[in-house]
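Q: Contents of data_20.tsv (TSV, C-alpha atoms):
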```tsv
chain	number	residue	atom	x	y	z
A	1	MET	CA	-2.41	-3.35	19.26
A	2	LEU	CA	-6.07	-2.28	18.95
A	3	HIS	CA	-5.20	1.30	19.92
A	4	ALA	CA	-2.61	1.36	17.13
A	5	ILE	CA	-5.26	0.30	14.61
A	6	LEU	CA	-7.64	3.01	15.85
A	7	ASP	CA	-4.90	5.61	15.48
A	8	GLN	CA	-4.22	4.59	11.85
A	9	ILE	CA	-7.78	4.22	10.50
A	10	SER	CA	-8.45	7.81	9.44
A	11	GLU	CA	-5.16	8.06	7.50
A	12	SER	CA	-5.12	4.64	5.80
A	13	GLU	CA	-6.38	4.15	2.25
A	14	LYS	CA	-6.14	0.36	2.68
A	15	PRO	CA	-7.65	-1.98	5.26
A	16	ILE	CA	-5.57	-2.38	8.40
A	17	ILE	CA	-5.40	-6.10	9.21
A	18	LYS	CA	-3.67	-7.59	12.27
A	19	ILE	CA	-3.82	-11.18	13.47
A	20	ILE	CA	-4.53	-11.03	17.20
A	21	PHE	CA	-4.54	-14.78	17.91
A	22	ARG	CA	-3.91	-17.96	15.94
A	23	ASN	CA	-3.81	-21.65	16.69
A	24	ASP	CA	-4.84	-24.81	14.80
A	25	ASN	CA	-8.57	-24.23	15.37
A	26	THR	CA	-9.10	-20.49	15.67
A	27	ARG	CA	-7.92	-17.24	14.19
A	28	VAL	CA	-8.86	-13.81	15.53
A	29	VAL	CA	-8.21	-10.94	13.15
A	30	ALA	CA	-8.65	-7.21	13.83
A	31	PHE	CA	-9.70	-5.02	10.91
A	32	GLY	CA	-9.61	-1.23	10.70
A	33	LEU	CA	-11.49	0.37	7.82
A	34	LYS	CA	-11.61	4.05	6.91
A	35	LYS	CA	-15.04	5.49	6.07
A	36	GLY	CA	-15.97	4.64	2.47
A	37	LEU	CA	-13.45	1.81	2.12
A	38	LYS	CA	-14.78	-1.32	0.45
A	39	LEU	CA	-13.57	-4.90	0.62
A	40	ILE	CA	-14.60	-6.35	-2.74
A	41	ASP	CA	-16.29	-9.72	-3.19
A	42	HIS	CA	-14.58	-12.46	-1.22
A	43	GLN	CA	-15.49	-15.55	0.77
A	44	LEU	CA	-14.19	-17.36	3.83
A	45	PRO	CA	-13.69	-21.13	4.08
A	46	VAL	CA	-15.23	-21.37	7.57
A	47	ASN	CA	-17.81	-19.71	9.83
A	48	ALA	CA	-16.81	-16.19	10.76
A	49	LYS	CA	-18.11	-14.29	13.76
A	50	ILE	CA	-17.86	-10.54	13.23
A	51	MET	CA	-17.79	-8.40	16.36
A	52	MET	CA	-17.95	-4.64	15.82
A	53	LEU	CA	-15.82	-2.56	18.16
A	54	LYS	CA	-16.27	0.87	16.56
A	55	GLY	CA	-18.14	2.50	13.71
A	56	GLU	CA	-20.53	0.96	11.19
A	57	ILE	CA	-20.16	-1.39	8.24
A	58	GLU	CA	-22.47	-2.88	5.63
A	59	ILE	CA	-22.10	-6.53	4.61
A	60	ASP	CA	-23.66	-7.37	1.26
A	61	SER	CA	-23.79	-11.12	0.69
A	62	LYS	CA	-26.14	-10.94	-2.31
A	63	ILE	CA	-28.54	-12.94	-0.11
A	64	GLU	CA	-29.01	-10.17	2.44
A	65	ILE	CA	-27.59	-6.80	3.35
A	66	VAL	CA	-26.71	-6.32	7.01
A	67	ASN	CA	-25.60	-3.15	8.78
A	68	LEU	CA	-23.49	-3.66	11.87
A	69	LYS	CA	-22.79	-0.92	14.40
A	70	GLU	CA	-20.67	-0.69	17.52
A	71	PHE	CA	-20.94	-3.88	19.64
A	72	ASP	CA	-23.13	-5.73	17.10
A	73	GLN	CA	-22.27	-9.32	16.22
A	74	TYR	CA	-22.97	-11.35	13.10
A	75	ILE	CA	-22.13	-14.88	11.99
A	76	LEU	CA	-21.25	-15.25	8.34
A	77	PRO	CA	-21.55	-18.84	7.06
A	78	PRO	CA	-18.67	-20.39	5.14
A	79	LYS	CA	-18.26	-19.89	1.40
A	80	VAL	CA	-20.77	-17.01	1.20
A	81	ILE	CA	-19.51	-14.44	-1.29
A	82	HIS	CA	-19.79	-11.01	0.28
A	83	GLN	CA	-18.39	-7.50	0.25
A	84	VAL	CA	-17.92	-5.09	3.12
A	85	THR	CA	-18.34	-1.32	2.98
A	86	SER	CA	-17.31	0.93	5.84
A	87	ILE	CA	-20.08	3.47	6.53
A	88	GLN	CA	-17.97	5.14	9.24
A	89	ASP	CA	-14.38	4.70	10.37
A	90	SER	CA	-14.68	1.20	11.77
A	91	MET	CA	-12.88	-1.49	13.69
A	92	MET	CA	-14.00	-5.10	14.09
A	93	LEU	CA	-12.77	-8.47	15.19
A	94	VAL	CA	-13.34	-11.44	12.91
A	95	ILE	CA	-13.16	-14.83	14.61
A	96	LEU	CA	-12.59	-17.75	12.27
A	97	ASN	CA	-13.40	-21.19	13.63
A	98	PHE	CA	-11.59	-23.95	11.71
A	99	ASN	CA	-12.72	-26.79	13.98
A	100	GLU	CA	-16.46	-26.40	14.57
A	101	THR	CA	-19.32	-25.94	12.12
A	102	SER	CA	-20.80	-23.07	14.15
A	103	PHE	CA	-20.19	-20.80	17.13
```
Please express the file's structure as C-alpha coordinates.
A:
Amino acid sequence: MLHAILDQISESEKPIIKIIFRNDNTRVVAFGLKKGLKLIDHQLPVNAKIMMLKGEIEIDSKIEIVNLKEFDQYILPPKVIHQVTSIQDSMMLVILNFNETSF
(Lines of atoms letter the chains of each structure in order from A and count residues from 1; the text may use other names and numbers.)
(Lines give C-alpha, C1' and ligand atoms only; values in the text may rest on other atoms or scores of the structure.)
Protein backbone atom coordinates (compact mmCIF):
# COMPACT_ATOMS: atom_id res chain seq x y z
CA MET A 1 0.00 0.00 0.00
CA LEU A 2 2.80 2.47 0.83
CA HIS A 3 4.51 1.80 -2.50
CA ALA A 4 1.25 2.63 -4.28
CA ILE A 5 1.09 5.98 -2.48
CA LEU A 6 4.70 6.75 -3.44
CA ASP A 7 3.93 5.94 -7.06
CA GLN A 8 0.95 8.34 -7.11
CA ILE A 9 2.39 11.38 -5.27
CA SER A 10 4.00 13.21 -8.19
CA GLU A 11 0.84 12.99 -10.33
CA SER A 12 -1.81 13.78 -7.70
CA GLU A 13 -3.19 17.29 -7.24
CA LYS A 14 -4.97 16.17 -4.05
CA PRO A 15 -3.66 14.53 -0.88
CA ILE A 16 -3.49 10.75 -1.05
CA ILE A 17 -4.97 9.38 2.18
CA LYS A 18 -5.15 5.69 3.11
CA ILE A 19 -6.13 4.20 6.46
CA ILE A 20 -3.50 1.59 7.28
CA PHE A 21 -4.93 0.40 10.61
CA ARG A 22 -8.01 1.12 12.70
CA ASN A 23 -9.46 -0.15 15.94
CA ASP A 24 -11.38 1.44 18.84
CA ASN A 25 -8.29 3.15 20.27
CA THR A 26 -5.93 3.83 17.38
CA ARG A 27 -5.96 4.91 13.77
CA VAL A 28 -2.89 4.91 11.51
CA VAL A 29 -3.26 6.95 8.35
CA ALA A 30 -0.76 7.26 5.48
CA PHE A 31 -0.62 10.59 3.65
CA GLY A 32 1.06 11.33 0.33
CA LEU A 33 1.49 15.00 -0.60
CA LYS A 34 2.87 16.41 -3.83
CA LYS A 35 5.39 19.25 -3.52
CA GLY A 36 3.59 22.55 -2.92
CA LEU A 37 0.32 20.96 -1.79
CA LYS A 38 -1.26 22.54 1.27
CA LEU A 39 -3.73 21.13 3.77
CA ILE A 40 -5.63 24.20 4.96
CA ASP A 41 -6.40 24.95 8.61
CA HIS A 42 -7.79 21.94 10.44
CA GLN A 43 -7.58 20.32 13.85
CA LEU A 44 -7.62 16.81 15.26
CA PRO A 45 -9.66 15.70 18.28
CA VAL A 46 -6.79 13.68 19.81
CA ASN A 47 -2.99 13.57 20.03
CA ALA A 48 -1.42 12.83 16.67
CA LYS A 49 2.07 11.44 16.18
CA ILE A 50 3.44 12.35 12.75
CA MET A 51 6.19 10.12 11.39
CA MET A 52 7.83 11.27 8.17
CA LEU A 53 8.74 8.52 5.72
CA LYS A 54 9.82 10.64 2.74
CA GLY A 55 10.28 14.28 1.80
CA GLU A 56 9.71 17.40 3.88
CA ILE A 57 6.66 19.21 5.24
CA GLU A 58 6.02 22.36 7.22
CA ILE A 59 3.42 22.38 9.99
CA ASP A 60 2.17 25.84 10.94
CA SER A 61 0.10 25.76 14.12
CA LYS A 62 0.08 29.54 14.62
CA ILE A 63 1.94 28.76 17.88
CA GLU A 64 5.04 27.41 16.15
CA ILE A 65 6.24 26.43 12.71
CA VAL A 66 7.94 23.05 12.47
CA ASN A 67 9.74 21.52 9.49
CA LEU A 68 9.81 17.74 9.40
CA LYS A 69 12.09 15.75 7.12
CA GLU A 70 12.54 12.06 6.40
CA PHE A 71 12.35 9.96 9.61
CA ASP A 72 11.48 12.95 11.85
CA GLN A 73 8.65 12.58 14.36
CA TYR A 74 6.39 15.18 15.93
CA ILE A 75 3.47 15.02 18.35
CA LEU A 76 0.66 17.44 17.65
CA PRO A 77 -1.62 18.05 20.66
CA PRO A 78 -5.38 17.74 20.27
CA LYS A 79 -7.49 20.64 19.02
CA VAL A 80 -4.52 22.68 17.75
CA ILE A 81 -5.50 24.42 14.53
CA HIS A 82 -2.75 23.88 11.99
CA GLN A 83 -1.98 23.69 8.30
CA VAL A 84 0.49 21.50 6.47
CA THR A 85 2.53 22.47 3.42
CA SER A 86 4.55 19.95 1.46
CA ILE A 87 8.03 21.36 0.75
CA GLN A 88 8.95 18.25 -1.27
CA ASP A 89 6.96 15.25 -2.47
CA SER A 90 6.24 13.70 0.91
CA MET A 91 4.80 10.69 2.64
CA MET A 92 4.00 10.39 6.34
CA LEU A 93 2.15 8.25 8.81
CA VAL A 94 -0.21 9.93 11.26
CA ILE A 95 -1.04 7.88 14.35
CA LEU A 96 -4.16 8.99 16.19
CA ASN A 97 -4.53 7.77 19.75
CA PHE A 98 -8.17 7.86 20.91
CA ASN A 99 -7.53 6.18 24.26
CA GLU A 100 -4.52 7.85 25.87
CA THR A 101 -3.74 11.52 26.47
CA SER A 102 -0.22 11.17 25.07
CA PHE A 103 2.16 8.79 23.31
Q: Identify, on the basis of all atoms listed in the file, every residue whose closest approach to Ser86 in chain A does not exceed 7 Å; exclude the query and any residue fewer than 2 positions from it along the same chain; express the result as a CSV table (one decimal) with C-alpha atoms, in the coordinates of the input.
A:
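The resulting file, out-v2.csv, is reproduced below:
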```csv
chain,number,residue,atom,x,y,z
A,33,LEU,CA,-11.5,0.4,7.8
A,34,LYS,CA,-11.6,4.0,6.9
A,35,LYS,CA,-15.0,5.5,6.1
A,36,GLY,CA,-16.0,4.6,2.5
A,37,LEU,CA,-13.4,1.8,2.1
A,38,LYS,CA,-14.8,-1.3,0.4
A,56,GLU,CA,-20.5,1.0,11.2
A,57,ILE,CA,-20.2,-1.4,8.2
A,58,GLU,CA,-22.5,-2.9,5.6
A,84,VAL,CA,-17.9,-5.1,3.1
A,88,GLN,CA,-18.0,5.1,9.2
A,89,ASP,CA,-14.4,4.7,10.4
A,90,SER,CA,-14.7,1.2,11.8
```
Q: Calculated over all atoms listed in the file, which of the candidates A:Asp7, A:Ile81, A:Leu39, A:Val46 has the smallest distance to Asn25 in chain A?
A: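 Ranked by minimum distance to Asn25 in chain A, first place goes to A:Val46.
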Q: From (-4.6, -9.2, 14.9), in the file's coordinates, out to 8 Å: which residues are reached, counting all atoms listed in the file? Answer as a PyMOL selection string.
A: chain A and resi 1+17-21+28-31
Q: Please, what distance in Å, to one decimal, runs between CA of Ile5 in chain A and CA of Leu68 in chain A?
A: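 About the pair CA of Ile5 in chain A and CA of Leu68 in chain A: they are 18.9 Å apart.
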Q: Please determine, counting only C-alpha atoms, which residue among A:Ile16, A:Leu44, A:Val94, A:Leu6 has the shortest atom-to-atom distance to Gln73 in chain A.
A: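 For Gln73 in chain A, the nearest of the candidates is A:Val94.
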Q: Using only C-alpha atoms, find the one residue out of A:Ser12, A:Ser61, A:Asn67, A:Asn23 that sits nearest to Leu96 in chain A.
A: A:Asn23
Q: What is the CA of Ile63 in chain A to CA of Lys79 in chain A distance in Å?
A: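 Computing it gives 12.5 Å between the two atoms.
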Q: Take every atom of range 28-31 of chain A listed in the file, fit an axis-aligned box around them, add 6 Å per side, and give the centre and edge lengths in Å to one decimal as JSON.
A:
```
{"center_x": -9.0, "center_y": -9.4, "center_z": 13.2, "size_x": 13.5, "size_y": 20.8, "size_z": 16.6}
```
Q: Complete the atoms of range 59-83 of chain A to N, CA, C and O atoms and put them out as a PDB file, in the coordinates of the input.
A:
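Wrote rebuild_14.pdb, looks like this:
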```
ATOM      1  N   ILE A  59     -22.506  -5.270   5.241  1.00  0.00           N
ATOM      2  CA  ILE A  59     -22.100  -6.530   4.610  1.00  0.00           C
ATOM      3  C   ILE A  59     -23.172  -6.882   3.589  1.00  0.00           C
ATOM      4  O   ILE A  59     -24.342  -7.016   3.936  1.00  0.00           O
ATOM      5  N   ASP A  60     -22.755  -7.014   2.344  1.00  0.00           N
ATOM      6  CA  ASP A  60     -23.660  -7.370   1.260  1.00  0.00           C
ATOM      7  C   ASP A  60     -23.262  -8.754   0.757  1.00  0.00           C
ATOM      8  O   ASP A  60     -22.230  -8.916   0.117  1.00  0.00           O
ATOM      9  N   SER A  61     -24.099  -9.746   1.078  1.00  0.00           N
ATOM     10  CA  SER A  61     -23.790 -11.120   0.690  1.00  0.00           C
ATOM     11  C   SER A  61     -24.581 -11.564  -0.532  1.00  0.00           C
ATOM     12  O   SER A  61     -24.587 -12.736  -0.863  1.00  0.00           O
ATOM     13  N   LYS A  62     -25.266 -10.660  -1.178  1.00  0.00           N
ATOM     14  CA  LYS A  62     -26.140 -10.940  -2.310  1.00  0.00           C
ATOM     15  C   LYS A  62     -27.388 -11.707  -1.877  1.00  0.00           C
ATOM     16  O   LYS A  62     -28.347 -11.775  -2.607  1.00  0.00           O
ATOM     17  N   ILE A  63     -27.367 -12.288  -0.692  1.00  0.00           N
ATOM     18  CA  ILE A  63     -28.540 -12.940  -0.110  1.00  0.00           C
ATOM     19  C   ILE A  63     -29.266 -11.946   0.783  1.00  0.00           C
ATOM     20  O   ILE A  63     -30.480 -11.841   0.773  1.00  0.00           O
ATOM     21  N   GLU A  64     -28.469 -11.208   1.567  1.00  0.00           N
ATOM     22  CA  GLU A  64     -29.010 -10.170   2.440  1.00  0.00           C
ATOM     23  C   GLU A  64     -27.976  -9.082   2.629  1.00  0.00           C
ATOM     24  O   GLU A  64     -26.787  -9.302   2.425  1.00  0.00           O
ATOM     25  N   ILE A  65     -28.460  -7.917   3.003  1.00  0.00           N
ATOM     26  CA  ILE A  65     -27.590  -6.800   3.350  1.00  0.00           C
ATOM     27  C   ILE A  65     -27.779  -6.531   4.831  1.00  0.00           C
ATOM     28  O   ILE A  65     -28.908  -6.384   5.303  1.00  0.00           O
ATOM     29  N   VAL A  66     -26.661  -6.498   5.566  1.00  0.00           N
ATOM     30  CA  VAL A  66     -26.710  -6.320   7.010  1.00  0.00           C
ATOM     31  C   VAL A  66     -25.845  -5.134   7.392  1.00  0.00           C
ATOM     32  O   VAL A  66     -24.711  -5.025   6.928  1.00  0.00           O
ATOM     33  N   ASN A  67     -26.380  -4.239   8.207  1.00  0.00           N
ATOM     34  CA  ASN A  67     -25.600  -3.150   8.780  1.00  0.00           C
ATOM     35  C   ASN A  67     -25.235  -3.514  10.204  1.00  0.00           C
ATOM     36  O   ASN A  67     -26.106  -3.908  10.974  1.00  0.00           O
ATOM     37  N   LEU A  68     -23.967  -3.377  10.519  1.00  0.00           N
ATOM     38  CA  LEU A  68     -23.490  -3.660  11.870  1.00  0.00           C
ATOM     39  C   LEU A  68     -22.901  -2.380  12.450  1.00  0.00           C
ATOM     40  O   LEU A  68     -22.107  -1.696  11.792  1.00  0.00           O
ATOM     41  N   LYS A  69     -23.296  -2.089  13.676  1.00  0.00           N
ATOM     42  CA  LYS A  69     -22.790  -0.920  14.400  1.00  0.00           C
ATOM     43  C   LYS A  69     -22.033  -1.386  15.630  1.00  0.00           C
ATOM     44  O   LYS A  69     -21.992  -2.572  15.935  1.00  0.00           O
ATOM     45  N   GLU A  70     -21.476  -0.422  16.343  1.00  0.00           N
ATOM     46  CA  GLU A  70     -20.670  -0.690  17.520  1.00  0.00           C
ATOM     47  C   GLU A  70     -21.327  -1.729  18.432  1.00  0.00           C
ATOM     48  O   GLU A  70     -22.503  -1.606  18.775  1.00  0.00           O
ATOM     49  N   PHE A  71     -20.581  -2.777  18.758  1.00  0.00           N
ATOM     50  CA  PHE A  71     -20.940  -3.880  19.640  1.00  0.00           C
ATOM     51  C   PHE A  71     -21.914  -4.886  19.033  1.00  0.00           C
ATOM     52  O   PHE A  71     -22.290  -5.843  19.689  1.00  0.00           O
ATOM     53  N   ASP A  72     -22.321  -4.714  17.770  1.00  0.00           N
ATOM     54  CA  ASP A  72     -23.130  -5.730  17.100  1.00  0.00           C
ATOM     55  C   ASP A  72     -22.270  -6.939  16.764  1.00  0.00           C
ATOM     56  O   ASP A  72     -21.048  -6.825  16.600  1.00  0.00           O
ATOM     57  N   GLN A  73     -22.931  -8.091  16.621  1.00  0.00           N
ATOM     58  CA  GLN A  73     -22.270  -9.320  16.220  1.00  0.00           C
ATOM     59  C   GLN A  73     -23.046  -9.950  15.076  1.00  0.00           C
ATOM     60  O   GLN A  73     -24.258  -9.776  14.972  1.00  0.00           O
ATOM     61  N   TYR A  74     -22.337 -10.696  14.243  1.00  0.00           N
ATOM     62  CA  TYR A  74     -22.970 -11.350  13.100  1.00  0.00           C
ATOM     63  C   TYR A  74     -22.153 -12.576  12.746  1.00  0.00           C
ATOM     64  O   TYR A  74     -20.923 -12.528  12.763  1.00  0.00           O
ATOM     65  N   ILE A  75     -22.820 -13.671  12.429  1.00  0.00           N
ATOM     66  CA  ILE A  75     -22.130 -14.880  11.990  1.00  0.00           C
ATOM     67  C   ILE A  75     -22.336 -15.032  10.489  1.00  0.00           C
ATOM     68  O   ILE A  75     -23.467 -15.093  10.010  1.00  0.00           O
ATOM     69  N   LEU A  76     -21.239 -15.085   9.779  1.00  0.00           N
ATOM     70  CA  LEU A  76     -21.250 -15.250   8.340  1.00  0.00           C
ATOM     71  C   LEU A  76     -20.909 -16.711   8.037  1.00  0.00           C
ATOM     72  O   LEU A  76     -19.846 -17.192   8.423  1.00  0.00           O
ATOM     73  N   PRO A  77     -21.818 -17.434   7.369  1.00  0.00           N
ATOM     74  CA  PRO A  77     -21.550 -18.840   7.060  1.00  0.00           C
ATOM     75  C   PRO A  77     -20.369 -18.990   6.090  1.00  0.00           C
ATOM     76  O   PRO A  77     -20.021 -18.054   5.367  1.00  0.00           O
ATOM     77  N   PRO A  78     -19.793 -20.176   6.048  1.00  0.00           N
ATOM     78  CA  PRO A  78     -18.670 -20.390   5.140  1.00  0.00           C
ATOM     79  C   PRO A  78     -19.088 -20.302   3.675  1.00  0.00           C
ATOM     80  O   PRO A  78     -20.228 -20.594   3.320  1.00  0.00           O
ATOM     81  N   LYS A  79     -18.131 -19.904   2.855  1.00  0.00           N
ATOM     82  CA  LYS A  79     -18.260 -19.890   1.400  1.00  0.00           C
ATOM     83  C   LYS A  79     -19.368 -18.976   0.861  1.00  0.00           C
ATOM     84  O   LYS A  79     -19.841 -19.156  -0.252  1.00  0.00           O
ATOM     85  N   VAL A  80     -19.790 -17.994   1.658  1.00  0.00           N
ATOM     86  CA  VAL A  80     -20.770 -17.010   1.200  1.00  0.00           C
ATOM     87  C   VAL A  80     -19.994 -15.820   0.611  1.00  0.00           C
ATOM     88  O   VAL A  80     -19.219 -15.174   1.316  1.00  0.00           O
ATOM     89  N   ILE A  81     -20.177 -15.571  -0.657  1.00  0.00           N
ATOM     90  CA  ILE A  81     -19.510 -14.440  -1.290  1.00  0.00           C
ATOM     91  C   ILE A  81     -20.137 -13.153  -0.758  1.00  0.00           C
ATOM     92  O   ILE A  81     -21.360 -13.030  -0.718  1.00  0.00           O
ATOM     93  N   HIS A  82     -19.294 -12.237  -0.323  1.00  0.00           N
ATOM     94  CA  HIS A  82     -19.790 -11.010   0.280  1.00  0.00           C
ATOM     95  C   HIS A  82     -18.786  -9.878   0.068  1.00  0.00           C
ATOM     96  O   HIS A  82     -17.629 -10.120  -0.257  1.00  0.00           O
ATOM     97  N   GLN A  83     -19.273  -8.662   0.229  1.00  0.00           N
ATOM     98  CA  GLN A  83     -18.390  -7.500   0.250  1.00  0.00           C
ATOM     99  C   GLN A  83     -18.730  -6.667   1.470  1.00  0.00           C
ATOM    100  O   GLN A  83     -19.836  -6.741   2.005  1.00  0.00           O
TER     101      GLN A  83
END
```
